[in-house]
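Peer 1: Got a structure for you, final24.csv, holding CSV, C-alpha atoms.
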```csv
chain,number,residue,atom,x,y,z
A,28,MET,CA,56.5,216.6,192.5
A,29,ASP,CA,59.2,214.1,193.6
A,30,GLY,CA,61.9,216.4,195.1
A,31,THR,CA,64.6,213.8,194.2
A,32,LEU,CA,64.1,214.2,190.5
A,33,SER,CA,67.5,215.1,189.0
A,34,TYR,CA,67.9,217.3,186.0
A,35,ARG,CA,70.2,220.0,184.6
A,36,TRP,CA,69.3,223.7,184.3
A,37,SER,CA,71.0,227.0,184.7
A,38,CYS,CA,70.4,230.2,182.8
A,39,ARG,CA,66.7,229.8,182.0
A,40,MET,CA,67.1,231.9,178.9
A,41,GLY,CA,68.6,229.6,176.2
A,42,VAL,CA,72.3,230.5,176.3
A,43,CYS,CA,73.9,228.0,178.6
A,44,GLY,CA,73.0,224.8,176.9
A,45,SER,CA,72.4,222.9,180.2
A,46,CYS,CA,68.7,221.9,180.0
A,47,GLY,CA,68.5,219.9,176.8
A,48,MET,CA,65.9,217.0,177.0
A,49,MET,CA,63.4,215.2,174.8
A,50,VAL,CA,60.0,216.9,175.0
A,51,ASN,CA,57.3,214.7,173.3
A,52,GLY,CA,60.1,213.0,171.3
A,53,THR,CA,61.8,216.2,170.1
A,54,PRO,CA,65.1,217.4,171.5
A,55,LYS,CA,64.5,220.8,173.1
A,56,LEU,CA,65.9,223.3,175.6
A,57,THR,CA,63.4,222.8,178.4
A,58,CYS,CA,63.8,226.5,179.4
A,59,ALA,CA,62.3,227.3,175.9
A,60,ALA,CA,59.5,224.7,176.2
A,61,PHE,CA,56.5,226.4,177.7
A,62,LEU,CA,53.5,224.5,179.2
A,63,ARG,CA,51.2,226.9,177.4
A,64,ASP,CA,52.4,225.5,174.0
A,65,TYR,CA,51.6,221.9,175.0
A,66,TYR,CA,48.7,222.0,177.4
A,67,PRO,CA,46.1,220.3,177.5
A,68,GLN,CA,48.0,217.6,175.5
A,69,GLU,CA,50.1,215.2,177.6
A,70,ILE,CA,53.8,216.3,177.9
A,71,ARG,CA,56.4,213.6,178.0
A,72,VAL,CA,59.9,214.5,179.2
A,73,GLU,CA,62.8,212.1,178.6
A,74,PRO,CA,66.5,212.3,178.9
A,75,LEU,CA,68.4,213.4,175.8
A,76,VAL,CA,68.6,210.4,173.5
A,77,ASN,CA,71.9,208.9,172.2
A,78,PHE,CA,73.6,209.6,175.5
A,79,PRO,CA,74.0,207.2,178.4
A,80,ILE,CA,71.9,208.1,181.5
A,81,ILE,CA,73.6,208.9,184.8
A,82,ARG,CA,70.3,209.4,186.7
A,83,ASP,CA,66.8,210.5,185.9
A,84,LEU,CA,67.1,213.2,183.3
A,85,VAL,CA,70.9,213.7,183.6
A,86,ILE,CA,73.0,212.2,180.8
A,87,ASP,CA,76.7,211.6,180.5
A,88,MET,CA,78.3,214.1,178.2
A,89,THR,CA,81.9,212.8,178.4
A,90,ASP,CA,81.9,211.6,174.7
A,91,PHE,CA,80.7,215.0,173.5
A,92,MET,CA,83.4,216.9,175.5
A,93,GLU,CA,86.1,214.6,174.1
A,94,LYS,CA,84.9,215.2,170.6
A,95,LEU,CA,84.9,219.0,171.0
A,96,LYS,CA,88.5,218.9,172.1
A,97,SER,CA,89.5,216.6,169.3
A,98,VAL,CA,88.9,219.3,166.6
A,99,LYS,CA,91.4,221.7,168.3
A,100,PRO,CA,89.0,224.6,168.8
A,101,TRP,CA,91.5,227.4,169.1
A,102,ILE,CA,93.4,229.7,166.7
A,103,ILE,CA,96.4,227.8,165.4
A,104,ARG,CA,99.2,229.9,163.8
A,105,LYS,CA,102.1,228.7,161.8
A,106,GLU,CA,103.9,231.8,163.0
A,107,GLU,CA,102.8,233.9,166.0
A,108,LYS,CA,102.9,237.7,165.7
A,109,PRO,CA,104.8,239.4,168.5
A,110,VAL,CA,102.5,241.3,170.9
A,111,SER,CA,104.1,244.6,169.9
A,112,GLU,CA,102.7,244.2,166.4
A,113,GLY,CA,99.2,244.4,167.7
A,114,GLU,CA,96.1,242.1,167.2
A,115,TYR,CA,95.2,240.0,164.2
A,116,LEU,CA,92.9,242.3,162.2
A,117,GLN,CA,89.7,241.0,160.6
A,118,THR,CA,87.2,242.7,158.3
A,119,PRO,CA,83.4,242.4,158.9
A,120,ALA,CA,83.2,240.3,155.7
A,121,GLU,CA,85.8,237.9,157.1
A,122,LEU,CA,83.9,237.6,160.3
A,123,GLU,CA,80.6,237.0,158.4
A,124,ALA,CA,82.1,234.0,156.7
A,125,PHE,CA,82.1,232.0,160.0
A,126,HIS,CA,80.1,234.0,162.5
A,127,GLN,CA,76.9,231.8,162.6
A,128,PHE,CA,79.1,228.8,163.5
A,129,THR,CA,80.4,230.6,166.6
A,130,GLN,CA,76.9,230.7,168.1
A,131,CYS,CA,76.9,227.1,169.4
A,132,ILE,CA,76.0,226.8,173.1
A,133,ASN,CA,77.1,223.1,173.3
A,134,CYS,CA,73.6,222.0,174.2
A,135,MET,CA,73.9,218.6,172.4
A,136,LEU,CA,70.4,218.7,170.9
A,137,CYS,CA,72.0,218.1,167.5
A,138,TYR,CA,73.5,214.8,168.8
A,139,ALA,CA,70.1,213.7,170.0
A,140,ALA,CA,68.6,214.6,166.6
A,141,CYS,CA,71.3,212.8,164.6
A,142,PRO,CA,70.3,209.2,163.7
A,143,VAL,CA,73.9,208.6,162.5
A,144,TYR,CA,75.3,209.4,166.0
A,145,GLY,CA,72.6,207.1,167.5
A,146,LEU,CA,73.7,204.2,165.2
A,147,GLU,CA,77.5,204.9,165.3
A,148,PRO,CA,78.8,206.5,168.5
A,149,LYS,CA,82.2,207.1,167.0
A,150,PHE,CA,80.7,209.7,164.7
A,151,LEU,CA,82.3,213.1,165.5
A,152,GLY,CA,78.9,214.7,165.3
A,153,PRO,CA,77.4,218.0,164.2
A,154,ALA,CA,78.5,220.4,166.9
A,155,ALA,CA,82.2,219.2,166.9
A,156,ILE,CA,82.4,219.5,163.1
A,157,ALA,CA,80.7,222.9,163.0
A,158,LEU,CA,83.2,224.0,165.7
A,159,GLY,CA,86.1,222.7,163.6
A,160,TYR,CA,84.7,224.4,160.5
A,161,ARG,CA,84.3,227.7,162.5
A,162,TYR,CA,88.1,227.6,163.1
A,163,ASN,CA,89.0,226.5,159.6
A,164,MET,CA,87.0,229.4,158.2
A,165,ASP,CA,88.4,232.0,160.6
A,166,SER,CA,90.8,234.2,158.6
A,167,ARG,CA,93.1,234.4,161.6
A,168,ASP,CA,93.6,230.6,161.8
A,169,GLN,CA,96.3,228.7,159.9
A,170,GLY,CA,95.7,225.3,161.4
A,171,LYS,CA,93.5,223.5,158.9
A,172,ASP,CA,96.0,220.7,158.4
A,173,GLN,CA,96.0,219.9,162.1
A,174,ARG,CA,92.2,219.3,162.0
A,175,GLU,CA,92.5,216.2,159.9
A,176,ILE,CA,90.1,214.4,162.2
A,177,ILE,CA,87.3,216.3,160.5
A,178,GLY,CA,88.1,214.6,157.1
A,179,ASN,CA,88.3,211.1,158.6
A,180,HIS,CA,85.9,208.2,158.2
A,181,ASP,CA,84.2,209.1,161.5
A,182,GLY,CA,84.2,212.8,160.7
A,183,ILE,CA,82.2,214.4,157.9
A,184,TRP,CA,82.0,211.2,155.9
A,185,ASP,CA,79.7,209.4,158.3
A,186,CYS,CA,77.2,212.2,157.8
A,187,THR,CA,74.4,211.4,155.3
A,188,PHE,CA,72.8,214.8,155.5
A,189,VAL,CA,69.6,213.9,157.3
A,190,GLY,CA,69.6,217.6,158.3
A,191,GLU,CA,67.7,217.1,161.6
A,192,CYS,CA,70.6,218.7,163.5
A,193,SER,CA,70.0,222.0,161.9
A,194,VAL,CA,66.3,221.8,162.5
A,195,VAL,CA,66.6,221.3,166.2
A,196,CYS,CA,69.5,223.8,166.8
A,197,PRO,CA,68.2,226.5,169.1
A,198,LYS,CA,70.8,229.0,168.0
A,199,HIS,CA,70.4,228.5,164.3
A,200,VAL,CA,74.1,227.4,163.9
A,201,ASP,CA,73.1,225.1,160.9
A,202,PRO,CA,75.7,222.4,161.6
A,203,ALA,CA,74.4,220.4,158.6
A,204,ALA,CA,75.6,223.3,156.3
A,205,ALA,CA,79.0,223.3,158.0
A,206,ILE,CA,79.4,219.6,157.5
A,207,GLN,CA,78.4,219.6,153.8
A,208,ARG,CA,80.6,222.6,153.1
A,209,SER,CA,83.5,220.8,154.9
A,210,LYS,CA,82.9,217.9,152.6
A,211,VAL,CA,83.4,220.2,149.6
A,212,ASP,CA,86.4,221.9,151.3
A,213,VAL,CA,88.1,218.6,152.3
A,214,THR,CA,87.6,217.1,148.8
A,215,LYS,CA,89.0,220.3,147.1
A,216,ASN,CA,92.1,220.2,149.4
A,217,TRP,CA,92.6,216.5,148.7
A,218,PHE,CA,92.6,217.1,144.9
A,219,GLN,CA,94.9,220.0,145.4
A,220,SER,CA,97.3,217.9,147.4
A,221,ILE,CA,97.3,215.2,144.7
A,222,LEU,CA,97.5,217.5,141.7
A,223,MET,CA,99.6,220.3,143.1
A,224,PRO,CA,101.7,218.7,146.0
A,225,TRP,CA,104.2,221.5,145.9
A,226,GLY,CA,101.8,224.1,147.1
A,227,GLN,CA,102.0,223.4,150.8
A,228,ARG,CA,100.7,226.4,152.8
B,99,MET,CA,91.9,219.7,188.4
B,100,SER,CA,90.4,216.9,186.4
B,101,ALA,CA,86.7,216.3,186.2
B,102,VAL,CA,85.1,213.4,187.9
B,103,ARG,CA,84.0,210.9,185.2
B,104,PRO,CA,80.9,208.8,185.8
B,105,ASP,CA,81.7,205.0,186.1
B,106,PRO,CA,80.8,203.7,182.7
B,107,SER,CA,79.5,200.4,184.1
B,108,LYS,CA,76.9,202.2,186.1
B,109,LEU,CA,75.4,204.2,183.1
B,110,TYR,CA,72.2,203.1,181.4
B,111,HIS,CA,72.5,202.8,177.6
B,112,ARG,CA,69.2,203.0,175.7
B,113,LYS,CA,69.0,201.0,172.5
B,114,MET,CA,68.1,202.8,169.3
B,115,PRO,CA,65.0,201.1,167.9
B,116,ALA,CA,65.0,199.7,164.3
B,117,THR,CA,61.9,201.8,163.7
B,118,TRP,CA,63.7,205.1,164.6
B,119,TRP,CA,62.9,206.5,161.1
B,120,LEU,CA,59.1,206.1,161.7
B,121,THR,CA,59.0,208.4,164.7
B,122,ASN,CA,59.3,211.7,162.8
B,123,ARG,CA,58.3,213.1,159.4
B,124,SER,CA,61.9,214.4,158.6
B,125,TYR,CA,63.4,211.0,159.3
B,126,PHE,CA,60.8,209.3,157.1
B,127,LEU,CA,61.3,211.7,154.2
B,128,PHE,CA,65.1,211.2,154.6
B,129,MET,CA,64.6,207.4,154.2
B,130,LEU,CA,62.4,207.9,151.1
B,131,ARG,CA,65.1,210.1,149.6
B,132,GLU,CA,67.8,207.4,150.2
B,133,LEU,CA,65.4,204.7,148.9
B,134,SER,CA,64.9,206.7,145.7
B,135,SER,CA,68.5,206.0,144.7
B,136,VAL,CA,67.6,202.3,144.4
B,137,PHE,CA,65.1,203.2,141.6
B,138,ILE,CA,67.8,205.3,139.9
B,139,ALA,CA,70.2,202.4,140.2
B,140,VAL,CA,67.7,199.9,138.7
B,141,GLN,CA,67.2,202.2,135.7
B,142,ILE,CA,71.0,202.7,135.2
B,143,TYR,CA,71.5,198.9,135.4
B,144,GLN,CA,68.8,198.4,132.7
B,145,LEU,CA,70.6,200.9,130.5
B,146,SER,CA,74.1,199.4,131.1
B,147,ASN,CA,73.2,196.1,129.5
B,148,GLY,CA,73.4,197.6,126.0
B,149,PRO,CA,70.7,198.8,123.6
B,150,ASP,CA,69.3,195.4,122.5
B,151,ALA,CA,68.7,194.3,126.1
B,152,TYR,CA,67.2,197.6,126.8
B,153,VAL,CA,64.8,197.3,123.9
B,154,ALA,CA,63.8,193.8,125.0
B,155,PHE,CA,63.2,195.2,128.5
B,156,THR,CA,61.0,198.0,127.3
B,157,GLN,CA,58.9,195.6,125.4
B,158,LYS,CA,58.1,193.8,128.6
B,159,LEU,CA,56.8,197.1,130.0
B,160,SER,CA,53.4,197.0,128.5
B,161,SER,CA,52.2,194.8,131.4
B,162,PRO,CA,50.3,196.8,134.0
B,163,GLY,CA,52.6,195.7,136.8
B,164,TRP,CA,55.7,197.2,135.1
B,165,ILE,CA,53.8,200.4,134.2
B,166,LEU,CA,52.9,200.8,137.8
B,167,PHE,CA,56.5,200.1,138.9
B,168,HIS,CA,57.8,202.7,136.4
B,169,LEU,CA,55.3,205.3,137.6
B,170,VAL,CA,56.5,204.8,141.2
B,171,ALA,CA,60.1,204.9,139.9
B,172,LEU,CA,59.5,208.1,138.1
B,173,LEU,CA,58.1,209.8,141.3
B,174,PHE,CA,61.1,208.6,143.2
B,175,ALA,CA,63.5,209.8,140.5
B,176,LEU,CA,61.9,213.3,140.5
B,177,TYR,CA,62.0,213.3,144.3
B,178,HIS,CA,65.7,212.3,144.2
B,179,SER,CA,66.6,215.2,141.8
B,180,PHE,CA,64.5,217.7,143.7
B,181,THR,CA,66.1,216.8,147.1
B,182,TRP,CA,69.6,217.0,145.4
B,183,PHE,CA,68.8,220.6,144.4
B,184,GLN,CA,67.6,221.4,147.9
B,185,SER,CA,70.9,220.0,149.2
B,186,SER,CA,72.9,222.1,146.7
B,187,ALA,CA,71.3,225.3,148.1
B,188,VAL,CA,72.8,224.3,151.5
B,189,VAL,CA,76.2,223.4,150.3
B,190,LEU,CA,76.9,226.4,148.0
B,191,PRO,CA,75.7,229.7,149.4
B,192,LEU,CA,75.1,232.1,146.5
B,193,ARG,CA,75.7,235.7,147.1
B,194,ILE,CA,74.9,238.9,145.2
B,195,GLY,CA,77.3,241.4,146.6
B,196,GLU,CA,76.9,241.1,150.4
B,197,ARG,CA,73.5,239.6,150.5
B,198,SER,CA,72.9,235.8,150.2
B,199,ILE,CA,70.2,234.4,148.0
B,200,SER,CA,67.6,232.5,150.1
B,201,ARG,CA,67.7,228.7,149.9
B,202,PRO,CA,64.2,228.2,148.4
B,203,ILE,CA,65.1,230.6,145.6
B,204,VAL,CA,68.4,228.8,145.0
B,205,THR,CA,66.5,225.5,144.8
B,206,ALA,CA,64.0,227.0,142.4
B,207,LEU,CA,66.8,228.3,140.2
B,208,HIS,CA,68.3,224.8,140.1
B,209,VAL,CA,64.9,223.3,139.2
B,210,GLY,CA,64.4,226.0,136.5
B,211,ALA,CA,67.8,225.2,135.0
B,212,TRP,CA,67.0,221.5,135.1
B,213,VAL,CA,63.6,222.1,133.3
B,214,MET,CA,65.3,224.2,130.7
B,215,VAL,CA,68.1,221.7,130.0
B,216,SER,CA,65.5,218.9,129.8
B,217,LEU,CA,63.5,220.9,127.2
B,218,ILE,CA,66.6,221.6,125.1
B,219,VAL,CA,67.4,217.8,125.2
B,220,LEU,CA,63.8,217.0,124.2
B,221,VAL,CA,63.8,219.4,121.3
B,222,LEU,CA,67.2,218.1,120.1
B,223,PHE,CA,66.0,214.5,120.4
B,224,LEU,CA,62.9,215.3,118.4
B,225,ALA,CA,64.8,217.2,115.8
B,226,LEU,CA,67.4,214.5,115.4
B,227,LYS,CA,64.8,211.7,115.2
B,228,SER,CA,63.0,213.2,112.2
```
Output the file's structure in the form of structure tokens.

Peer 2:
Amino acid sequence: MDGTLSYRWSCRMGVCGSCGMMVNGTPKLTCAAFLRDYYPQEIRVEPLVNFPIIRDLVIDMTDFMEKLKSVKPWIIRKEEKPVSEGEYLQTPAELEAFHQFTQCINCMLCYAACPVYGLEPKFLGPAAIALGYRYNMDSRDQGKDQREIIGNHDGIWDCTFVGECSVVCPKHVDPAAAIQRSKVDVTKNWFQSILMPWGQR
Amino acid sequence: MSAVRPDPSKLYHRKMPATWWLTNRSYFLFMLRELSSVFIAVQIYQLSNGPDAYVAFTQKLSSPGWILFHLVALLFALYHSFTWFQSSAVVLPLRIGERSISRPIVTALHVGAWVMVSLIVLVLFLALKS
């Protein structure tokens, strides 16, 4: 093999998100794509689609990184508790409400699978919206009104629910569900803000 | 320390082909689902012109071309409704106590309710006609 071939890899066990590529036209983690499942058919490996190529199989993920930051993926409080009062408590049921959306390994397979992202690079994208949803659904968070970018034109409303993002996700995060539920949530909040503007929380 | 960004002018941008939706079964079914809304829209348009125009339209329907069109339109309309119920199962997770109901079952419940309501409407229509 050509020793100059450039590609990303790291953990070899499906947790780091480095090795995403197109294998026979499907976005996959190549550490989870075994020759025994493809041989003797021809195996075609291409760089992850919908991203610009830096070299060989290495793509530029700058846009993805910017989008992750834009949803403010941290706990936002209106009022911080002093350290002496201890940690913010959370029941198992409250954790269950958003737990699956915490499992994202930022592998970008969902962006390669999304035809909307391919056609409209300004689309926030499945992983970023799922991450924003994860924080909005976290009982400890009070910052939903600071994540307005999710409810913008290039946020959830660009999504036409193709659903392929959830099909290719190696960690079963189901970003498509996060986006559709965000649509319901954002719409509900909008009606509440129009019909009951005094209830600002 | 800030990350080194690649020079955008040196990056290679692949174009998305116009046939992107033919590469994969999921994409093709998605396009069919979106196309089905056109058939629904045509039917709604026919209904919106008022009862007389609609009756005149239905009289044209005995020609084989129109019958075929309407068979195709019916299939698309059924697919449209079925995929809507599948989507509902994703958007609204139903729970009994702590356990969630699986999505195929939620879809089946929606389809069951749809069939029941259709039967009730049919019975009412037949009862009111006579």

Peer 1: When you get a sec, could you note down which chain A residues fall within 10 Å of chain B, using all atoms listed in the file, as a PyMOL selection string?

Peer 2: chain A and resi 52-53+76-82+86-89+120+123+140-142+145-146+187-191+194+201+203-211

Peer 1: Hey, can you check how far CA of Gln173 (chain A) sits from CA of Asp185 (chain A)?

Peer 2: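 Interatomic distance, CA of Gln173 (chain A) to CA of Asp185 (chain A): 19.8 Å.
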
Peer 1: Kindly extract all protein, DNA and RNA residues lying within 7 Å of the coordinates (66.8, 218.5, 169.3) given in the file, considering all atoms listed in the file, and supply them as a PyMOL selection string.

Peer 2: chain A and resi 53-55+136-137+139-140+192+195-196

Peer 1: Looking at B:Leu166, B:Val102, B:Val209, B:Leu172, which one is nearest to Val136 (chain B), with distances taken over only C-alpha atoms?

Peer 2: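 Result for the nearest residue to Val136 (chain B): B:Leu172.
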
Peer 1: Skip Val213 (chain A) itself and residues of its chain fewer than 3 positions away, then list as a ChimeraX atom specification all residues within 10 Å of it, counting all atoms listed in the file.

Peer 2: /A:171,175,177-179,183,207-210,216-219

Peer 1: Which one of A:Tyr160, A:Trp36, A:Trp225, A:Tyr144 sits closest to Thr57 (chain A) if you count all atoms listed in the file?

Peer 2: A:Trp36

Peer 1: Counting all atoms listed in the file, which residue out of A:Lys215, A:Arg161, A:Lys108, A:Lys94 sits closest to Lys149 (chain A)?

Peer 2: A:Lys94

Peer 1: In Å to one decimal, how far is CA of Ala124 (chain A) from CA of Leu56 (chain A)?

Peer 2: 27.1 Å

Peer 1: By how many Å are CA of Leu176 (chain B) and CA of Met214 (chain B) apart?

Peer 2: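 Pair CA of Leu176 (chain B) / CA of Met214 (chain B) returns 15.0 Å.
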
Peer 1: From the list A:Gln127, A:Thr214, A:Thr31, A:Asn163, which residue is nearest Pro100 (chain A) when using only C-alpha atoms?

Peer 2: A:Asn163

Peer 1: Taking all atoms listed in the file into account, which of A:Met40, A:Asp168, A:Pro224, A:Arg174 comes nearest Glu106 (chain A)?

Peer 2: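 Using all atoms listed in the file, Glu106 (chain A) sits closest to A:Asp168.
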